[in-house]
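Visitor: You'll find my_file.txt just under this line, and it carries compact mmCIF, C-alpha atoms and all ligand atoms.
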# COMPACT_ATOMS: atom_id res chain seq x y z
CA MET A 26 14.71 4.02 -16.95
CA SER A 27 13.40 1.34 -14.61
CA MET A 28 9.77 0.31 -14.37
CA LEU A 29 9.52 2.12 -11.06
CA GLU A 30 10.74 5.46 -12.34
CA ALA A 31 8.31 5.21 -15.21
CA ALA A 32 5.44 4.61 -12.76
CA GLU A 33 6.23 7.45 -10.36
CA PRO A 34 8.47 9.98 -12.04
CA ARG A 35 8.03 12.72 -9.45
CA GLN A 36 9.16 10.73 -6.43
CA THR A 37 12.67 10.98 -5.12
CA ALA A 38 14.72 7.86 -5.66
CA LEU A 39 14.72 5.15 -3.04
CA PRO A 40 18.07 4.21 -1.49
CA PRO A 41 19.74 1.64 -3.78
CA ALA A 42 19.02 -1.34 -1.48
CA ASP A 43 15.32 -0.48 -1.32
CA GLN A 44 15.19 0.26 -5.02
CA ALA A 45 16.51 -3.25 -5.62
CA LEU A 46 13.92 -4.59 -3.15
CA ALA A 47 11.12 -2.79 -4.98
CA GLU A 48 12.27 -4.14 -8.31
CA GLY A 49 12.56 -7.62 -6.84
CA VAL A 50 8.97 -7.43 -5.59
CA LEU A 51 7.75 -6.20 -8.97
CA ALA A 52 9.64 -9.04 -10.65
CA SER A 53 7.73 -11.48 -8.37
CA GLN A 54 10.85 -12.63 -6.57
CA ARG A 55 9.67 -14.46 -3.49
CA ARG A 56 12.77 -13.61 -1.44
CA ALA A 57 12.35 -9.92 -2.16
CA LEU A 58 8.67 -10.14 -1.23
CA ALA A 59 9.44 -11.94 2.04
CA LYS A 60 12.14 -9.38 2.84
CA ALA A 61 9.83 -6.47 2.07
CA ILE A 62 7.16 -7.92 4.37
CA THR A 63 9.75 -8.34 7.12
CA LEU A 64 10.65 -4.68 6.65
CA ILE A 65 7.05 -3.49 7.02
CA GLU A 66 6.59 -5.72 10.06
CA SER A 67 9.59 -4.22 11.84
CA SER A 68 8.79 -1.72 14.56
CA ARG A 69 12.11 0.12 14.26
CA PRO A 70 11.41 3.74 13.29
CA ASP A 71 14.05 3.75 10.51
CA HIS A 72 12.56 0.54 9.08
CA GLN A 73 9.10 2.08 9.27
CA GLU A 74 10.29 5.09 7.33
CA ARG A 75 11.83 2.89 4.64
CA ALA A 76 8.74 0.68 4.55
CA HIS A 77 6.45 3.65 3.99
CA ARG A 78 8.55 4.89 1.10
CA LEU A 79 8.70 1.42 -0.41
CA LEU A 80 4.93 1.03 -0.20
CA GLU A 81 4.35 4.48 -1.61
CA ARG A 82 6.52 3.53 -4.54
CA LEU A 83 4.76 0.24 -5.15
CA LEU A 84 1.25 1.63 -4.70
CA PRO A 85 0.55 2.13 -8.44
CA GLU A 86 1.08 -1.60 -8.93
CA THR A 87 -1.40 -2.64 -6.23
CA GLY A 88 -5.14 -3.14 -6.15
CA LYS A 89 -5.47 -5.57 -9.04
CA ALA A 90 -6.15 -8.70 -6.99
CA ILE A 91 -9.41 -9.99 -5.59
CA ARG A 92 -9.13 -9.92 -1.80
CA ILE A 93 -11.06 -12.64 -0.01
CA GLY A 94 -11.43 -13.02 3.75
CA ILE A 95 -11.98 -16.52 5.17
CA SER A 96 -13.00 -16.97 8.77
CA GLY A 97 -13.98 -19.94 10.86
CA VAL A 98 -13.41 -21.51 14.25
CA PRO A 99 -10.34 -23.72 14.72
CA GLY A 100 -11.12 -27.06 13.10
CA ALA A 101 -13.69 -25.66 10.66
CA GLY A 102 -11.37 -26.69 7.83
CA LYS A 103 -9.84 -23.37 6.79
CA SER A 104 -6.41 -24.67 5.86
CA THR A 105 -7.86 -27.73 4.13
CA PHE A 106 -10.19 -25.47 2.16
CA ILE A 107 -7.55 -22.89 1.27
CA GLU A 108 -5.23 -25.65 0.13
CA ALA A 109 -7.93 -27.19 -2.09
CA LEU A 110 -9.03 -23.81 -3.47
CA GLY A 111 -5.45 -22.64 -3.95
CA THR A 112 -4.40 -25.72 -5.86
CA TRP A 113 -7.52 -25.47 -8.03
CA LEU A 114 -6.81 -21.80 -8.77
CA ILE A 115 -3.14 -22.38 -9.57
CA ASP A 116 -4.14 -25.10 -12.03
CA ARG A 117 -6.20 -22.42 -13.77
CA GLY A 118 -3.35 -19.95 -14.04
CA HIS A 119 -3.90 -17.86 -10.91
CA ARG A 120 -1.29 -16.87 -8.35
CA LEU A 121 -2.39 -16.90 -4.76
CA ALA A 122 -1.12 -15.27 -1.58
CA VAL A 123 -2.42 -16.42 1.81
CA LEU A 124 -2.04 -14.06 4.74
CA ALA A 125 -3.33 -14.51 8.27
CA VAL A 126 -4.70 -12.32 11.03
CA ASP A 127 -4.33 -14.28 14.22
CA PRO A 128 -5.10 -12.32 17.37
CA SER A 129 -3.94 -15.21 19.54
CA SER A 130 -0.37 -14.73 18.35
CA SER A 131 -0.16 -11.29 19.95
CA VAL A 132 -2.16 -12.02 23.11
CA SER A 133 -0.68 -15.33 24.23
CA GLY A 134 2.44 -15.67 22.13
CA GLY A 135 0.91 -18.90 20.85
CA SER A 136 -0.80 -19.13 17.52
CA ILE A 137 -4.03 -20.76 16.36
CA LEU A 138 -3.18 -20.14 12.72
CA GLY A 139 0.02 -19.81 10.85
CA ASP A 140 2.27 -22.67 11.82
CA LYS A 141 4.38 -23.77 8.91
CA THR A 142 3.15 -27.33 8.63
CA ARG A 143 -0.25 -26.22 7.39
CA MET A 144 -1.09 -26.25 3.67
CA GLU A 145 1.88 -28.40 2.85
CA ASN A 146 1.07 -28.92 -0.82
CA LEU A 147 0.36 -25.28 -1.42
CA CYS A 148 3.58 -24.26 0.34
CA GLN A 149 5.56 -26.11 -2.30
CA ARG A 150 3.95 -24.37 -5.24
CA GLU A 151 5.86 -21.56 -6.87
CA GLU A 152 2.56 -19.79 -7.63
CA ALA A 153 1.56 -19.63 -3.95
CA PHE A 154 2.91 -17.41 -1.21
CA ILE A 155 1.92 -18.21 2.37
CA ARG A 156 2.75 -15.91 5.24
CA PRO A 157 1.76 -16.45 8.87
CA SER A 158 0.21 -13.71 10.96
CA PRO A 159 2.41 -10.87 12.15
CA SER A 160 2.78 -11.47 15.86
CA SER A 161 3.53 -8.07 17.33
CA GLY A 162 1.15 -5.65 18.92
CA SER A 163 -2.59 -5.30 19.18
CA LEU A 164 -5.16 -6.62 16.71
CA GLY A 165 -5.04 -3.16 15.11
CA GLY A 166 -1.27 -3.44 14.73
CA VAL A 167 -1.51 -6.94 13.26
CA ALA A 168 -4.21 -5.76 10.84
CA GLU A 169 -2.15 -2.79 9.71
CA LYS A 170 0.82 -5.01 8.87
CA THR A 171 -1.43 -7.48 7.07
CA ARG A 172 -2.95 -4.70 4.96
CA GLU A 173 0.51 -3.58 3.94
CA ALA A 174 1.63 -7.15 3.23
CA MET A 175 -1.45 -7.53 1.03
CA LEU A 176 -0.35 -4.53 -1.06
CA LEU A 177 3.14 -5.97 -1.42
CA CYS A 178 1.70 -9.30 -2.61
CA GLU A 179 -0.39 -7.47 -5.17
CA ALA A 180 2.66 -5.56 -6.41
CA ALA A 181 4.37 -8.95 -6.76
CA GLY A 182 1.61 -10.04 -9.14
CA PHE A 183 -0.50 -12.30 -6.94
CA ASP A 184 -4.02 -11.95 -8.30
CA VAL A 185 -5.90 -13.72 -5.50
CA ILE A 186 -5.25 -12.70 -1.90
CA ILE A 187 -6.77 -14.72 0.91
CA VAL A 188 -6.76 -13.31 4.42
CA GLU A 189 -7.52 -16.04 6.90
CA THR A 190 -8.69 -15.48 10.46
CA VAL A 191 -10.21 -17.28 13.40
CA GLY A 192 -13.56 -16.49 14.96
CA VAL A 193 -12.01 -14.82 17.96
CA GLY A 194 -12.96 -11.40 19.29
CA GLN A 195 -12.92 -8.59 16.78
CA SER A 196 -10.69 -10.28 14.23
CA GLU A 197 -13.55 -11.11 11.86
CA THR A 198 -14.77 -7.53 11.67
CA THR A 199 -11.20 -6.38 11.20
CA VAL A 200 -10.62 -8.76 8.30
CA ALA A 201 -13.99 -7.95 6.71
CA GLY A 202 -12.76 -4.34 6.74
CA MET A 203 -9.74 -5.12 4.58
CA VAL A 204 -11.12 -7.50 1.94
CA ASP A 205 -13.51 -7.30 -1.03
CA MET A 206 -15.48 -10.37 -0.04
CA PHE A 207 -15.77 -11.89 3.41
CA CYS A 208 -16.63 -15.60 3.70
CA LEU A 209 -17.63 -17.51 6.80
CA LEU A 210 -16.61 -21.14 6.91
CA GLN A 211 -19.01 -23.05 9.14
CA LEU A 212 -19.32 -26.57 10.45
CA PRO A 213 -22.57 -28.38 9.71
CA ASN A 214 -23.77 -28.11 13.30
CA ALA A 215 -27.14 -26.60 13.97
CA GLY A 216 -26.72 -23.74 16.40
CA ASP A 217 -23.45 -22.39 15.06
CA ASP A 218 -25.45 -19.83 13.15
CA LEU A 219 -26.92 -18.52 16.39
CA GLN A 220 -23.45 -17.87 17.72
CA ALA A 221 -22.59 -15.87 14.65
CA ILE A 222 -25.86 -13.96 14.79
CA LYS A 223 -25.21 -13.06 18.40
CA LYS A 224 -21.76 -11.81 17.62
CA GLY A 225 -23.03 -9.66 14.75
CA ILE A 226 -20.94 -11.55 12.24
CA VAL A 227 -23.76 -12.53 9.91
CA GLU A 228 -24.19 -8.93 8.79
CA ILE A 229 -20.67 -8.76 7.44
CA ALA A 230 -20.71 -12.12 5.61
CA ASP A 231 -20.74 -11.90 1.80
CA MET A 232 -20.87 -15.69 1.54
CA VAL A 233 -21.39 -18.57 3.96
CA VAL A 234 -19.79 -21.94 3.33
CA ILE A 235 -20.86 -25.04 5.22
CA ASN A 236 -17.81 -27.29 5.13
CA LYS A 237 -17.56 -31.05 5.86
CA ALA A 238 -20.85 -31.68 4.07
CA ASP A 239 -19.51 -35.18 3.27
CA ILE A 240 -19.95 -36.27 6.89
CA ASP A 241 -23.72 -35.85 6.94
CA PRO A 242 -25.08 -34.29 3.74
CA ARG A 243 -28.62 -34.04 5.08
CA ALA A 244 -27.55 -32.22 8.23
CA ALA A 245 -25.52 -29.88 6.05
CA GLN A 246 -28.64 -29.06 4.01
CA VAL A 247 -30.61 -28.34 7.19
CA VAL A 248 -27.93 -25.96 8.41
CA ARG A 249 -27.79 -24.39 4.97
CA ALA A 250 -31.53 -23.67 5.10
CA GLN A 251 -31.14 -22.13 8.56
CA TRP A 252 -28.39 -19.88 7.29
CA ARG A 253 -30.42 -18.81 4.29
CA ASN A 254 -33.27 -17.81 6.56
CA ALA A 255 -30.96 -15.93 8.88
CA LEU A 256 -29.30 -14.08 6.00
CA HIS A 257 -32.57 -13.32 4.27
CA MET A 258 -33.75 -11.20 7.16
CA LEU A 259 -30.71 -8.96 7.18
CA ARG A 260 -29.57 -5.96 5.25
CA HIS A 261 -26.43 -6.85 3.31
CA THR A 262 -23.18 -5.05 2.60
CA SER A 263 -24.40 -4.28 -0.95
CA SER A 264 -27.94 -3.98 -2.28
CA HIS A 265 -26.70 -5.77 -5.41
CA TRP A 266 -25.74 -8.94 -3.59
CA GLU A 267 -27.63 -11.52 -1.58
CA PRO A 268 -25.00 -13.63 0.25
CA PRO A 269 -25.20 -17.23 -0.97
CA VAL A 270 -24.92 -20.26 1.31
CA LEU A 271 -22.93 -23.17 -0.13
CA THR A 272 -22.18 -26.63 1.14
CA LEU A 273 -18.87 -28.23 0.30
CA SER A 274 -16.27 -30.73 1.30
CA ALA A 275 -12.78 -29.29 1.43
CA LEU A 276 -11.37 -32.71 2.22
CA HIS A 277 -12.86 -34.30 -0.91
CA LYS A 278 -12.37 -31.14 -2.98
CA GLU A 279 -16.07 -30.96 -3.75
CA GLY A 280 -17.73 -27.60 -4.25
CA ILE A 281 -14.54 -25.67 -4.93
CA GLU A 282 -15.65 -24.67 -8.42
CA ALA A 283 -19.07 -23.56 -7.14
CA PHE A 284 -17.28 -21.42 -4.56
CA TRP A 285 -15.20 -19.70 -7.21
CA GLU A 286 -18.25 -19.16 -9.41
CA GLN A 287 -19.76 -17.18 -6.55
CA VAL A 288 -16.60 -15.09 -6.20
CA GLU A 289 -16.88 -14.26 -9.89
CA ALA A 290 -20.61 -13.60 -9.63
CA TYR A 291 -19.94 -11.23 -6.74
CA GLN A 292 -17.49 -9.22 -8.80
CA ALA A 293 -19.85 -9.23 -11.77
CA ALA A 294 -22.62 -7.84 -9.55
CA LEU A 295 -20.61 -5.28 -7.61
CA VAL A 296 -18.06 -3.89 -10.03
CA PRO A 297 -20.53 -2.36 -12.56
CA SER A 298 -22.69 -0.88 -9.78
CA GLY A 299 -19.68 0.87 -8.25
CA ASP A 300 -20.14 -0.89 -4.90
CA PHE A 301 -16.86 -2.77 -5.29
CA ALA A 302 -14.79 0.40 -5.69
CA ALA A 303 -16.83 2.20 -3.03
CA ARG A 304 -16.02 -0.51 -0.51
CA ARG A 305 -12.30 -0.19 -1.20
CA HIS A 306 -12.45 3.59 -0.96
CA ARG A 307 -14.25 3.36 2.37
CA GLN A 308 -11.68 0.87 3.62
CA SER A 309 -8.80 3.15 2.64
CA ILE A 310 -10.34 6.12 4.47
CA ASP A 311 -11.06 3.96 7.53
CA TRP A 312 -7.48 2.72 7.44
CA MET A 313 -6.16 6.27 7.30
CA TRP A 314 -8.29 7.23 10.31
CA SER A 315 -7.25 4.21 12.30
CA LEU A 316 -3.59 5.17 11.68
CA ILE A 317 -4.35 8.75 12.71
CA ASP A 318 -6.07 7.49 15.87
CA SER A 319 -3.19 5.25 16.85
CA GLY A 320 -0.62 7.95 15.95
CA LEU A 321 -2.44 10.50 18.10
CA ARG A 322 -2.62 8.08 20.99
CA GLN A 323 1.11 7.46 20.73
CA TYR A 324 1.82 11.19 20.51
CA PHE A 325 -0.39 11.73 23.54
CA ARG A 326 1.32 9.07 25.62
CA ASN A 327 4.77 10.38 24.73
CA HIS A 328 3.98 14.02 25.50
CA PRO A 329 6.09 15.17 28.52
CA ALA A 330 3.21 16.82 30.41
CA VAL A 331 0.97 13.79 29.88
CA ARG A 332 3.73 11.47 31.08
CA ARG A 333 4.09 13.62 34.16
CA ASP A 334 0.36 13.74 35.06
CA LEU A 335 -0.92 10.39 33.78
CA PRO A 336 0.12 8.12 36.71
CA ASP A 337 -1.42 10.35 39.42
CA LEU A 338 -4.60 11.00 37.48
CA THR A 339 -4.98 7.29 36.72
CA HIS A 340 -4.82 6.54 40.42
CA ALA A 341 -7.20 9.36 41.22
CA VAL A 342 -9.77 7.96 38.76
CA ALA A 343 -9.33 4.41 40.07
CA GLU A 344 -9.85 5.56 43.66
CA GLY A 345 -12.83 7.72 42.80
CA ARG A 346 -11.11 10.96 43.78
CA THR A 347 -11.72 12.48 40.38
CA THR A 348 -14.09 11.72 37.53
CA PRO A 349 -12.87 10.06 34.33
CA ALA A 350 -14.09 13.10 32.41
CA ALA A 351 -12.19 15.60 34.54
CA ALA A 352 -9.01 13.52 34.29
CA ALA A 353 -9.37 13.14 30.52
CA TYR A 354 -9.89 16.87 29.97
CA LYS A 355 -6.92 17.71 32.19
CA LEU A 356 -4.69 15.30 30.24
CA LEU A 357 -5.91 16.56 26.87
CA ALA A 358 -5.22 20.12 28.04
CA ASP A 359 -1.67 18.97 28.81
CA LEU A 360 -1.12 18.63 25.06
CA GLN A 361 -1.31 22.40 24.72
CA THR A 362 1.34 23.09 27.32
P1 LIG A 401 -8.66 -25.16 10.49
O1 LIG A 401 -8.26 -25.19 11.93
O2 LIG A 401 -9.92 -24.37 10.30
O3 LIG A 401 -7.57 -24.71 9.56
O4 LIG A 401 -9.05 -26.66 10.09
P2 LIG A 401 -8.22 -27.78 9.28
O5 LIG A 401 -8.20 -27.47 7.82
O6 LIG A 401 -6.92 -27.99 9.97
O7 LIG A 401 -9.16 -29.04 9.45
C1 LIG A 401 -9.44 -29.63 10.71
C2 LIG A 401 -9.75 -31.09 10.51
O8 LIG A 401 -10.96 -31.23 9.75
C3 LIG A 401 -8.66 -31.85 9.76
O9 LIG A 401 -8.50 -33.10 10.36
C4 LIG A 401 -9.22 -31.95 8.36
O10 LIG A 401 -8.76 -33.10 7.68
C5 LIG A 401 -10.71 -32.07 8.62
N1 LIG A 401 -11.52 -31.58 7.50
C6 LIG A 401 -11.36 -30.40 6.83
N2 LIG A 401 -12.28 -30.29 5.85
C7 LIG A 401 -13.02 -31.42 5.88
C8 LIG A 401 -14.13 -31.91 5.08
O11 LIG A 401 -14.61 -31.28 4.15
N3 LIG A 401 -14.64 -33.13 5.45
C9 LIG A 401 -14.14 -33.86 6.48
N4 LIG A 401 -14.71 -35.04 6.74
N5 LIG A 401 -13.11 -33.44 7.22
C10 LIG A 401 -12.54 -32.24 6.93
Write out the structure in this file as structure tokens.
Ligand code: GDP
Guide:
Amino acid sequence: MSMLEAAEPRQTALPPADQALAEGVLASQRRALAKAITLIESSRPDHQERAHRLLERLLPETGKAIRIGISGVPGAGKSTFIEALGTWLIDRGHRLAVLAVDPSSSVSGGSILGDKTRMENLCQREEAFIRPSPSSGSLGGVAEKTREAMLLCEAAGFDVIIVETVGVGQSETTVAGMVDMFCLLQLPNAGDDLQAIKKGIVEIADMVVINKADIDPRAAQVVRAQWRNALHMLRHTSSHWEPPVLTLSALHKEGIEAFWEQVEAYQAALVPSGDFAARRHRQSIDWMWSLIDSGLRQYFRNHPAVRRDLPDLTHAVAEGRTTPAAAAYKLLADLQT
């Protein structure tokens, strides 16, 4: 009996090709992992069906990694930092997967993150797996694929998952909603903190890192103090954790160990209190509801009566001939015809 059958004896068998894929993922074969991620990223309905069954099968082997979100504006030093951290972690026996959520790749076709020349050293390490952002669909669609890719990486035995994103639009909130610990990478410029406060990002930060502290260490300390003040006034994601503010230099690989100590301290504070598991449970329920919401919307748009009435009612609302509420109720009533 294979490992998979032992894990989930009641499930029907996967088709042989997907069974082999599942076993390849569990055996940490990078090609199998890459292929499985390509399968989940496909929008073809038959691929989706296979992907769901594959994920269902691998689910018992997921959840064992620490999931860390890293966000920062372009140029903040994210890839330099992830490369330094990743190399440091690999040297200590960890295996690291880096995924990206890049809203620019779906909006403009261009990409702020994720080109293959980044993190060159890390790319060459057997213990690292780097995957650029899925490029299809809305931010919600990109996030859904990234969540699933994260599970596949966990099934393949990666014990540290980093989800990288840029400070654009809603992507930070989205990533904070799929990781255990969300870190903001900041430049040592006074005033950056105000931007983040305005955007409501500070509330979701579990750690703030001021990078490039080597350029002007004193300025970095000033910005650090500002951040500490800003964070002190807020309610945090867990009552057992006060988000720390670190300064470091990704370029000179200084402060990497202190960063990891905080990741470990975070787990030590949140796991015993139950907050760590509670966050994951909440995220799973939120994920389910976001899939239900998008499934309902798709069902709605494909419904024959809605397709018939939607264009006219859209015009009527735009021209002020009917109210948005009346149009919405009429279209929702169409679902019952
Ligand atoms: P990303 O767009 O956030 O991924 O930023 P990159 O990692 O590509 O870094 C942007 C630039 O900042 C590069 O030229 C890096 O060499 C530089 N950089 C990154 N970290 C540091 C640092 O700690 N100190 C200094 N002086 N430069 C850095």
Visitor: With distances taken over all atoms listed in the file, which residue among A:Glu151, A:Glu279, A:Ala351, A:Gln211 lies nearest Gln54 in chain A?
Guide: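 Comparing A:Glu151, A:Glu279, A:Ala351, A:Gln211 against Gln54 in chain A, the winner is A:Glu151.
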Visitor: Which protein, DNA or RNA residues have an atom within 7 Å of ligand LIG 401 (chain A), counting all atoms listed in the file, as a ChimeraX atom specification?
Guide: /A:97-106,236-240,273-277
Visitor: How about saving the chosen residues, C-alpha atoms kept, as a compact mmCIF listing (two decimals), keeping the file's coordinate frame?
Guide:
# COMPACT_ATOMS: atom_id res chain seq x y z
CA GLY A 97 -13.98 -19.94 10.86
CA VAL A 98 -13.41 -21.51 14.25
CA PRO A 99 -10.34 -23.72 14.72
CA GLY A 100 -11.12 -27.06 13.10
CA ALA A 101 -13.69 -25.66 10.66
CA GLY A 102 -11.37 -26.69 7.83
CA LYS A 103 -9.84 -23.37 6.79
CA SER A 104 -6.41 -24.67 5.86
CA THR A 105 -7.86 -27.73 4.13
CA PHE A 106 -10.19 -25.47 2.16
CA ASN A 236 -17.81 -27.29 5.13
CA LYS A 237 -17.56 -31.05 5.86
CA ALA A 238 -20.85 -31.68 4.07
CA ASP A 239 -19.51 -35.18 3.27
CA ILE A 240 -19.95 -36.27 6.89
CA LEU A 273 -18.87 -28.23 0.30
CA SER A 274 -16.27 -30.73 1.30
CA ALA A 275 -12.78 -29.29 1.43
CA LEU A 276 -11.37 -32.71 2.22
CA HIS A 277 -12.86 -34.30 -0.91
Visitor: Taking into account only C-alpha atoms, which residue in the set A:Gln292, A:Thr112, A:Thr87, A:Gln251 is nearest to His265 in chain A?
Guide: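 Distance minimum relative to His265 in chain A lands on A:Gln292.
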Visitor: Which one is closest to Gly320 in chain A: A:Arg75, A:Gly166, A:Thr262, A:Ala250? Count all atoms listed in the file.
Guide: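 Distance minimum relative to Gly320 in chain A lands on A:Gly166.
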Visitor: What is the CA of Leu210 in chain A to CA of Ile235 in chain A distance in Å?
Guide: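 It comes out at 6.0 Å.
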Visitor: For CA of Leu110 in chain A and CA of Glu228 in chain A, determine how far apart the two atoms are, in Å to one decimal place.
Guide: 24.5 Å
Visitor: Hey, which of A:Leu316, A:Leu295, A:Ala47, A:Ala230 ends up closest to Ala59 in chain A? Count only C-alpha atoms.
Guide: A:Ala47
Visitor: Which one of A:Trp252, A:Phe207, A:Trp285, A:Trp312 sits closest to Gly111 in chain A if you count all atoms listed in the file?
Guide: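 Going through A:Trp252, A:Phe207, A:Trp285, A:Trp312 one by one, the smallest distance to Gly111 in chain A is for A:Trp285.
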Visitor: Report, in Å with one decimal, the straight-line distance from CA of Asn146 in chain A to CA of Thr272 in chain A.
Guide: 23.4 Å
Visitor: Residues proximal to (-13.0, -6.6, 3.2) were defined as those with any atom within 12 Å of that point in the file's coordinates, counting only C-alpha atoms. Which are they, as an mmCIF file with C-alpha atoms, in the coordinates of the input?
Guide:
data_model
loop_
_atom_site.group_PDB
_atom_site.id
_atom_site.type_symbol
_atom_site.label_atom_id
_atom_site.label_comp_id
_atom_site.auth_asym_id
_atom_site.auth_seq_id
_atom_site.Cartn_x
_atom_site.Cartn_y
_atom_site.Cartn_z
ATOM 1 C CA ILE A 91 -9.410 -9.990 -5.590
ATOM 2 C CA ARG A 92 -9.130 -9.920 -1.800
ATOM 3 C CA ILE A 93 -11.060 -12.640 -0.010
ATOM 4 C CA GLY A 94 -11.430 -13.020 3.750
ATOM 5 C CA ILE A 95 -11.980 -16.520 5.170
ATOM 6 C CA SER A 96 -13.000 -16.970 8.770
ATOM 7 C CA ALA A 168 -4.210 -5.760 10.840
ATOM 8 C CA ARG A 172 -2.950 -4.700 4.960
ATOM 9 C CA MET A 175 -1.450 -7.530 1.030
ATOM 10 C CA ILE A 186 -5.250 -12.700 -1.900
ATOM 11 C CA ILE A 187 -6.770 -14.720 0.910
ATOM 12 C CA VAL A 188 -6.760 -13.310 4.420
ATOM 13 C CA GLU A 189 -7.520 -16.040 6.900
ATOM 14 C CA SER A 196 -10.690 -10.280 14.230
ATOM 15 C CA GLU A 197 -13.550 -11.110 11.860
ATOM 16 C CA THR A 198 -14.770 -7.530 11.670
ATOM 17 C CA THR A 199 -11.200 -6.380 11.200
ATOM 18 C CA VAL A 200 -10.620 -8.760 8.300
ATOM 19 C CA ALA A 201 -13.990 -7.950 6.710
ATOM 20 C CA GLY A 202 -12.760 -4.340 6.740
ATOM 21 C CA MET A 203 -9.740 -5.120 4.580
ATOM 22 C CA VAL A 204 -11.120 -7.500 1.940
ATOM 23 C CA ASP A 205 -13.510 -7.300 -1.030
ATOM 24 C CA MET A 206 -15.480 -10.370 -0.040
ATOM 25 C CA PHE A 207 -15.770 -11.890 3.410
ATOM 26 C CA CYS A 208 -16.630 -15.600 3.700
ATOM 27 C CA ILE A 229 -20.670 -8.760 7.440
ATOM 28 C CA ALA A 230 -20.710 -12.120 5.610
ATOM 29 C CA ASP A 231 -20.740 -11.900 1.800
ATOM 30 C CA THR A 262 -23.180 -5.050 2.600
ATOM 31 C CA PHE A 301 -16.860 -2.770 -5.290
ATOM 32 C CA ALA A 302 -14.790 0.400 -5.690
ATOM 33 C CA ALA A 303 -16.830 2.200 -3.030
ATOM 34 C CA ARG A 304 -16.020 -0.510 -0.510
ATOM 35 C CA ARG A 305 -12.300 -0.190 -1.200
ATOM 36 C CA HIS A 306 -12.450 3.590 -0.960
ATOM 37 C CA ARG A 307 -14.250 3.360 2.370
ATOM 38 C CA GLN A 308 -11.680 0.870 3.620
ATOM 39 C CA SER A 309 -8.800 3.150 2.640
ATOM 40 C CA ASP A 311 -11.060 3.960 7.530
ATOM 41 C CA TRP A 312 -7.480 2.720 7.440
#
Visitor: When you look at Leu338 in chain A with a cut-off of 12 Å (counting all atoms listed in the file), what residues show up, excluding the ones that are within fewer than 5 positions of it in the same chain? I need them as a ChimeraX atom specification.
Guide: /A:331-333,343-356
Visitor: Taking only C-alpha atoms into account, which of A:Thr190, A:Pro41, A:Leu360, A:Trp266 comes nearest Asp127 in chain A?
Guide: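 Nearest to Asp127 in chain A: A:Thr190.
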Visitor: Tell me which protein, DNA and RNA residues are within 9 Å of range 327-329 of chain A, counting only C-alpha atoms, leaving out same-chain ones fewer than 5 positions away, and put them as number ranges by chain.
Guide: A: 322, 334, 359-360
Visitor: Could you list, as a list in words, every residue within 12 Å of Thr63 in chain A, counting all atoms listed in the file and ignoring same-chain residues fewer than 4 positions away?
Guide: Leu46, Arg56, Ala57, Leu58, Ala59, Ser67, Ser68, Arg69, His72, Gln73, Arg75, Ala76, Arg156, Pro157, Ser158, Pro159, Ser160, Ser161, Lys170, Thr171, Glu173, Ala174 and Leu177 of chain A
